[in-house]
>>> print(open('structure.cif').read())   # mmCIF, C-alpha atoms and all ligand atoms
data_input
#
loop_
_atom_site.group_PDB
_atom_site.id
_atom_site.type_symbol
_atom_site.label_atom_id
_atom_site.label_comp_id
_atom_site.auth_asym_id
_atom_site.auth_seq_id
_atom_site.Cartn_x
_atom_site.Cartn_y
_atom_site.Cartn_z
ATOM 1 C CA THR V 15 0.000 0.000 0.000
ATOM 2 C CA ALA V 16 1.450 3.342 -1.000
ATOM 3 C CA GLY V 17 1.054 6.505 1.016
ATOM 4 C CA PRO V 18 1.482 7.612 4.589
ATOM 5 C CA VAL V 19 0.316 5.969 7.775
ATOM 6 C CA ASN V 20 2.237 8.444 9.919
ATOM 7 C CA LEU V 21 0.436 11.762 9.557
ATOM 8 C CA TYR V 22 1.846 13.354 12.745
ATOM 9 C CA GLU V 23 -0.133 16.587 13.024
ATOM 10 C CA ALA V 24 -3.292 15.613 11.127
ATOM 11 C CA ARG V 25 -6.386 15.921 13.331
ATOM 12 C CA PHE V 26 -8.180 12.840 12.012
ATOM 13 C CA ALA V 27 -6.967 9.383 11.114
ATOM 14 C CA SER V 28 -6.798 8.435 7.448
ATOM 15 C CA GLY V 29 -8.659 5.477 5.988
ATOM 16 C CA LYS V 30 -5.453 3.436 6.120
ATOM 17 C CA GLN V 31 -4.925 4.273 9.788
ATOM 18 C CA ARG V 32 -8.529 3.309 10.532
ATOM 19 C CA ILE V 33 -7.984 -0.096 8.903
ATOM 20 C CA LEU V 34 -4.807 -0.598 10.981
ATOM 21 C CA ALA V 35 -6.627 0.366 14.210
ATOM 22 C CA ILE V 36 -9.482 -2.048 13.450
ATOM 23 C CA ALA V 37 -7.036 -4.848 12.588
ATOM 24 C CA GLU V 38 -5.236 -4.360 15.899
ATOM 25 C CA ASN V 39 -8.324 -4.300 18.134
ATOM 26 C CA LEU V 40 -11.296 -6.183 16.738
ATOM 27 C CA VAL V 41 -13.496 -4.911 19.573
ATOM 28 C CA CYS V 42 -13.285 -1.730 21.637
ATOM 29 C CA PRO V 43 -10.349 -2.369 24.039
ATOM 30 C CA TRP V 44 -12.116 -0.884 27.099
ATOM 31 C CA PRO V 45 -12.663 -3.747 29.613
ATOM 32 C CA ASP V 46 -15.961 -5.622 29.133
ATOM 33 C CA CYS V 47 -16.960 -3.607 26.056
ATOM 34 C CA LYS V 48 -18.447 -5.575 23.162
ATOM 35 C CA VAL V 49 -18.666 -2.918 20.460
ATOM 36 C CA PRO V 50 -17.026 -4.252 17.271
ATOM 37 C CA ALA V 51 -14.157 -2.182 15.937
ATOM 38 C CA ASP V 52 -15.936 -1.399 12.673
ATOM 39 C CA ARG V 53 -18.448 0.590 14.745
ATOM 40 C CA CYS V 54 -15.720 2.352 16.746
ATOM 41 C CA LEU V 55 -14.050 5.709 16.352
ATOM 42 C CA VAL V 56 -10.308 6.003 15.862
ATOM 43 C CA HIS V 57 -9.090 7.326 19.198
ATOM 44 C CA HIS V 58 -5.845 9.219 19.941
ATOM 45 C CA ILE V 59 -4.337 7.448 23.002
ATOM 46 C CA ASP V 60 -2.426 10.639 23.853
ATOM 47 C CA ALA V 61 -5.022 13.264 23.016
ATOM 48 C CA HIS V 62 -4.425 15.273 19.872
ATOM 49 C CA LYS V 63 -5.201 18.466 21.793
ATOM 50 C CA ASN V 64 -2.391 17.542 24.208
ATOM 51 C CA GLY V 65 0.095 17.005 21.381
ATOM 52 C CA GLY V 66 -0.633 13.352 20.627
ATOM 53 C CA GLN V 67 0.301 12.486 17.067
ATOM 54 C CA THR V 68 -1.804 10.794 14.421
ATOM 55 C CA ASN V 69 0.400 7.715 14.070
ATOM 56 C CA PRO V 70 -0.640 4.058 14.342
ATOM 57 C CA SER V 71 1.204 3.661 17.670
ATOM 58 C CA ASN V 72 -0.921 6.461 19.162
ATOM 59 C CA LEU V 73 -4.230 5.324 17.664
ATOM 60 C CA SER V 74 -6.761 2.731 18.740
ATOM 61 C CA ALA V 75 -10.292 1.773 17.891
ATOM 62 C CA LEU V 76 -12.556 2.893 20.772
ATOM 63 C CA CYS V 77 -16.350 2.994 20.837
ATOM 64 C CA SER V 78 -17.972 6.406 20.950
ATOM 65 C CA TYR V 79 -19.157 5.923 24.545
ATOM 66 C CA HIS V 80 -15.719 5.010 25.876
ATOM 67 C CA ASN V 81 -14.096 7.686 23.723
ATOM 68 C CA GLY V 82 -16.340 10.117 25.585
ATOM 69 C CA VAL V 83 -15.575 8.865 29.101
ATOM 70 C CA ASN V 84 -11.837 8.345 28.498
ATOM 71 C CA ASP V 85 -9.977 10.838 30.681
ATOM 72 C CA ASP V 86 -7.690 12.944 28.509
ATOM 73 C CA GLY V 87 -6.993 15.375 31.363
ATOM 74 C CA ALA V 88 -10.075 17.537 30.957
ATOM 75 C CA ARG V 89 -11.958 15.808 33.797
ATOM 76 C CA ALA V 90 -9.380 16.866 36.385
ATOM 77 C CA ARG V 91 -9.576 20.443 35.112
ATOM 78 C CA ARG V 92 -13.380 20.278 35.477
ATOM 79 C CA ARG V 93 -13.049 18.495 38.872
ATOM 80 C CA GLU V 94 -15.019 15.504 37.568
ATOM 81 C CA LYS V 95 -14.356 11.954 38.698
ATOM 82 C CA SER V 96 -12.062 10.106 36.306
ATOM 83 C CA ARG V 97 -12.903 6.660 34.933
ATOM 84 C CA GLY V 98 -9.368 6.174 33.683
ATOM 85 C CA ARG V 99 -7.690 6.490 30.342
ATOM 86 C CA MET V 100 -6.441 4.254 27.594
ATOM 87 C CA MET V 101 -2.708 3.715 27.156
ATOM 88 C CA ARG V 102 -0.420 1.422 25.187
ATOM 89 C CA HIS V 103 1.406 -1.020 27.459
ATOM 90 C CA ARG V 104 3.689 -3.715 26.000
ATOM 91 C CA SER V 105 2.099 -3.187 22.587
ATOM 92 C CA LYS V 106 -1.481 -3.684 23.870
ATOM 93 C CA VAL V 107 -4.037 -0.927 24.368
ATOM 94 C CA LYS V 108 -5.290 -1.062 27.941
ATOM 95 C CA LEU V 109 -7.270 0.976 30.450
ATOM 96 C CA VAL V 110 -5.365 2.622 33.293
ATOM 97 C CA THR V 111 -7.880 2.922 36.104
ATOM 98 C CA PRO V 112 -7.862 5.886 38.500
ATOM 99 C CA GLY V 113 -6.182 3.470 40.980
ATOM 100 C CA ARG V 114 -3.378 2.893 38.390
ATOM 101 C CA ASN V 115 -4.388 -0.703 37.565
ATOM 102 C CA LEU V 116 -3.915 -1.837 33.967
ATOM 103 C CA LEU V 117 -6.947 -3.656 32.571
ATOM 104 C CA GLY V 118 -7.442 -5.137 29.132
ATOM 105 C CA ASN V 119 -10.641 -6.257 27.511
ATOM 106 C CA THR V 120 -11.133 -10.004 28.046
ATOM 107 C CA HIS V 121 -13.547 -10.380 25.113
ATOM 108 C CA GLU V 122 -12.701 -13.488 23.072
ATOM 109 C CA LEU V 123 -11.852 -11.343 20.032
ATOM 110 C CA SER V 124 -9.364 -9.279 22.055
ATOM 111 C CA THR V 125 -6.697 -11.952 21.668
ATOM 112 C CA VAL V 126 -6.872 -12.434 17.900
ATOM 113 C CA GLY V 127 -6.072 -8.947 16.581
ATOM 114 C CA ALA V 128 -3.311 -8.436 14.036
ATOM 115 C CA MET V 129 -0.596 -7.793 16.629
ATOM 116 C CA ASP V 130 -1.520 -10.986 18.520
ATOM 117 C CA LEU V 131 -1.285 -13.056 15.367
ATOM 118 C CA ILE V 132 2.271 -11.987 14.452
ATOM 119 C CA LYS V 133 3.841 -12.650 17.875
HETATM 120 ZN ZN ZN Q 1 -16.251 0.603 24.328
#
>>> encode(input="structure.cif", output="structure tokens", more="lines below")
Ligand SMILES: [Zn+2]
Amino acid sequence: TAGPVNLYEARFASGKQRILAIAENLVCPWPDCKVPADRCLVHHIDAHKNGGQTNPSNLSALCSYHNGVNDDGARARRREKSRGRMMRHRSKVKLVTPGRNLLGNTHELSTVGAMDLIK
């Protein structure tokens, strides 16, 4: 496939980046979520407004609900209770809870994404 997958400063993911994000996480990676990746948004793990780049390593499929509750720092500024935020840990996208626990989605499709298949 020709063309960029690292777009750095672009606000939105390209079609190619969306395909990569869906291939990596076949369901939303938030624990216990069942929304299939083809119904998810492409989420910046480090928020674009905080300088997060539009590169595959900083992108993940995430359903619209969990994209909305993911804490990108704005909740602390608004003094709202955090539900945690997504982060990449050892190549997997996981939730960091407010208590600093790392949780992955245990859905059966969470272990057969593209990155799991090439290990
Ligand atoms: Zn979700």
>>> residues_around(input="structure.cif", residues="region 91-107 of chain V", least_positions_apart="5", cutoff="9 Å", atoms="all atoms listed in the file", output="list of chain:residue names")
V:Glu38, V:Asn39, V:Pro43, V:Trp44, V:Ile59, V:Asp60, V:Ser71, V:Asn72, V:Ser74, V:Val83, V:Asn84, V:Asp85, V:Asp86, V:Pro112, V:Gly113, V:Arg114, V:Leu116, V:Gly118, V:Met129
>>> resolve_selection(input="structure.cif", expression="the PyMOL selection byres (((chain V and resi 57) around 8) and not hetatm)", output="list in words")
Leu55, Val56, His58, Ile59, Leu73, Ser74, Ala75, Leu76 and Asn81 of chain V
>>> resolve_selection(input="structure.cif", expression="the PyMOL selection byres (((not hetatm)) within 8 of (chain Q and resi 1))", output="CSV table (one decimal) with C-alpha atoms, in the coordinates of the input")
chain,number,residue,atom,x,y,z
V,41,VAL,CA,-13.5,-4.9,19.6
V,42,CYS,CA,-13.3,-1.7,21.6
V,43,PRO,CA,-10.3,-2.4,24.0
V,44,TRP,CA,-12.1,-0.9,27.1
V,45,PRO,CA,-12.7,-3.7,29.6
V,46,ASP,CA,-16.0,-5.6,29.1
V,47,CYS,CA,-17.0,-3.6,26.1
V,48,LYS,CA,-18.4,-5.6,23.2
V,49,VAL,CA,-18.7,-2.9,20.5
V,54,CYS,CA,-15.7,2.4,16.7
V,76,LEU,CA,-12.6,2.9,20.8
V,77,CYS,CA,-16.4,3.0,20.8
V,78,SER,CA,-18.0,6.4,21.0
V,79,TYR,CA,-19.2,5.9,24.5
V,80,HIS,CA,-15.7,5.0,25.9
V,81,ASN,CA,-14.1,7.7,23.7
>>> atom_distance(input="structure.cif", atom1="CA of Gly87 (chain V)", atom2="CA of Arg32 (chain V)")
24.1 Å
>>> residues_around(input="structure.cif", residues="region 16-26 of chain V", least_positions_apart="2", cutoff="6 Å", atoms="all atoms listed in the file", output="PyMOL selection string")
chain V and resi 31+67-69
>>> atom_distance(input="structure.cif", atom1="CA of Lys30 (chain V)", atom2="CA of His62 (chain V)")
18.2 Å
>>> closest_residue(input="structure.cif", among="V:Ile33, V:Lys63, V:Ala27, V:Ala51", to="Ser124 (chain V)", atoms="only C-alpha atoms")
V:Ala51
>>> atom_distance(input="structure.cif", atom1="CA of His121 (chain V)", atom2="CA of Lys108 (chain V)")
12.8 Å
>>> closest_residue(input="structure.cif", among="V:Ala35, V:Gly29, V:Ala128, V:Ala88", to="Asn64 (chain V)", atoms="all atoms listed in the file")
V:Ala88
>>> closest_residue(input="structure.cif", among="V:Val110, V:Leu34, V:Leu40, V:Ala61", to="Leu123 (chain V)", atoms="only C-alpha atoms")
V:Leu40
>>> build_atoms(input="structure.cif", residues="region 108-133 of chain V", atoms="N, CA and C atoms", output="CSV table (one decimal), in the frame of the given file")
chain,number,residue,atom,x,y,z
V,108,LYS,N,-4.6,-0.7,26.7
V,108,LYS,CA,-5.3,-1.1,27.9
V,108,LYS,C,-5.8,0.2,28.7
V,109,LEU,N,-6.7,-0.1,29.6
V,109,LEU,CA,-7.3,1.0,30.4
V,109,LEU,C,-6.4,1.1,31.7
V,110,VAL,N,-6.0,2.3,32.0
V,110,VAL,CA,-5.4,2.6,33.3
V,110,VAL,C,-6.5,3.2,34.2
V,111,THR,N,-6.8,2.5,35.2
V,111,THR,CA,-7.9,2.9,36.1
V,111,THR,C,-7.4,4.1,37.0
V,112,PRO,N,-8.3,4.8,37.6
V,112,PRO,CA,-7.9,5.9,38.5
V,112,PRO,C,-6.9,5.4,39.6
V,113,GLY,N,-7.1,4.1,40.0
V,113,GLY,CA,-6.2,3.5,41.0
V,113,GLY,C,-4.9,2.9,40.4
V,114,ARG,N,-4.6,3.2,39.1
V,114,ARG,CA,-3.4,2.9,38.4
V,114,ARG,C,-3.3,1.4,38.0
V,115,ASN,N,-4.4,0.7,38.0
V,115,ASN,CA,-4.4,-0.7,37.6
V,115,ASN,C,-4.5,-0.7,36.0
V,116,LEU,N,-3.8,-1.7,35.4
V,116,LEU,CA,-3.9,-1.8,34.0
V,116,LEU,C,-4.9,-3.0,33.7
V,117,LEU,N,-5.9,-2.7,32.9
V,117,LEU,CA,-6.9,-3.7,32.6
V,117,LEU,C,-7.1,-3.7,31.1
V,118,GLY,N,-7.1,-4.9,30.5
V,118,GLY,CA,-7.4,-5.1,29.1
V,118,GLY,C,-8.8,-5.7,29.0
V,119,ASN,N,-9.3,-5.6,27.8
V,119,ASN,CA,-10.6,-6.3,27.5
V,119,ASN,C,-10.4,-7.8,27.4
V,120,THR,N,-11.3,-8.5,28.1
V,120,THR,CA,-11.1,-10.0,28.0
V,120,THR,C,-12.1,-10.6,27.0
V,121,HIS,N,-12.7,-9.8,26.2
V,121,HIS,CA,-13.5,-10.4,25.1
V,121,HIS,C,-12.7,-11.4,24.3
V,122,GLU,N,-13.4,-12.4,23.8
V,122,GLU,CA,-12.7,-13.5,23.1
V,122,GLU,C,-12.0,-13.0,21.8
V,123,LEU,N,-12.5,-11.9,21.2
V,123,LEU,CA,-11.9,-11.3,20.0
V,123,LEU,C,-10.7,-10.4,20.4
V,124,SER,N,-10.5,-10.2,21.7
V,124,SER,CA,-9.4,-9.3,22.1
V,124,SER,C,-8.0,-10.0,22.0
V,125,THR,N,-8.0,-11.2,21.7
V,125,THR,CA,-6.7,-12.0,21.7
V,125,THR,C,-6.4,-12.4,20.3
V,126,VAL,N,-7.1,-12.0,19.3
V,126,VAL,CA,-6.9,-12.4,17.9
V,126,VAL,C,-6.7,-11.3,16.9
V,127,GLY,N,-6.3,-10.1,17.5
V,127,GLY,CA,-6.1,-8.9,16.6
V,127,GLY,C,-4.8,-9.2,15.8
V,128,ALA,N,-4.5,-8.3,14.9
V,128,ALA,CA,-3.3,-8.4,14.0
V,128,ALA,C,-2.0,-8.5,14.8
V,129,MET,N,-1.8,-7.7,15.9
V,129,MET,CA,-0.6,-7.8,16.6
V,129,MET,C,-0.5,-9.1,17.4
V,130,ASP,N,-1.6,-9.7,17.8
V,130,ASP,CA,-1.5,-11.0,18.5
V,130,ASP,C,-1.1,-12.1,17.6
V,131,LEU,N,-1.5,-12.0,16.3
V,131,LEU,CA,-1.3,-13.1,15.4
V,131,LEU,C,0.1,-13.1,14.8
V,132,ILE,N,0.9,-12.0,15.0
V,132,ILE,CA,2.3,-12.0,14.5
V,132,ILE,C,3.3,-12.2,15.5
V,133,LYS,N,2.9,-12.4,16.8
V,133,LYS,CA,3.8,-12.6,17.9
V,133,LYS,C,4.4,-14.1,17.8
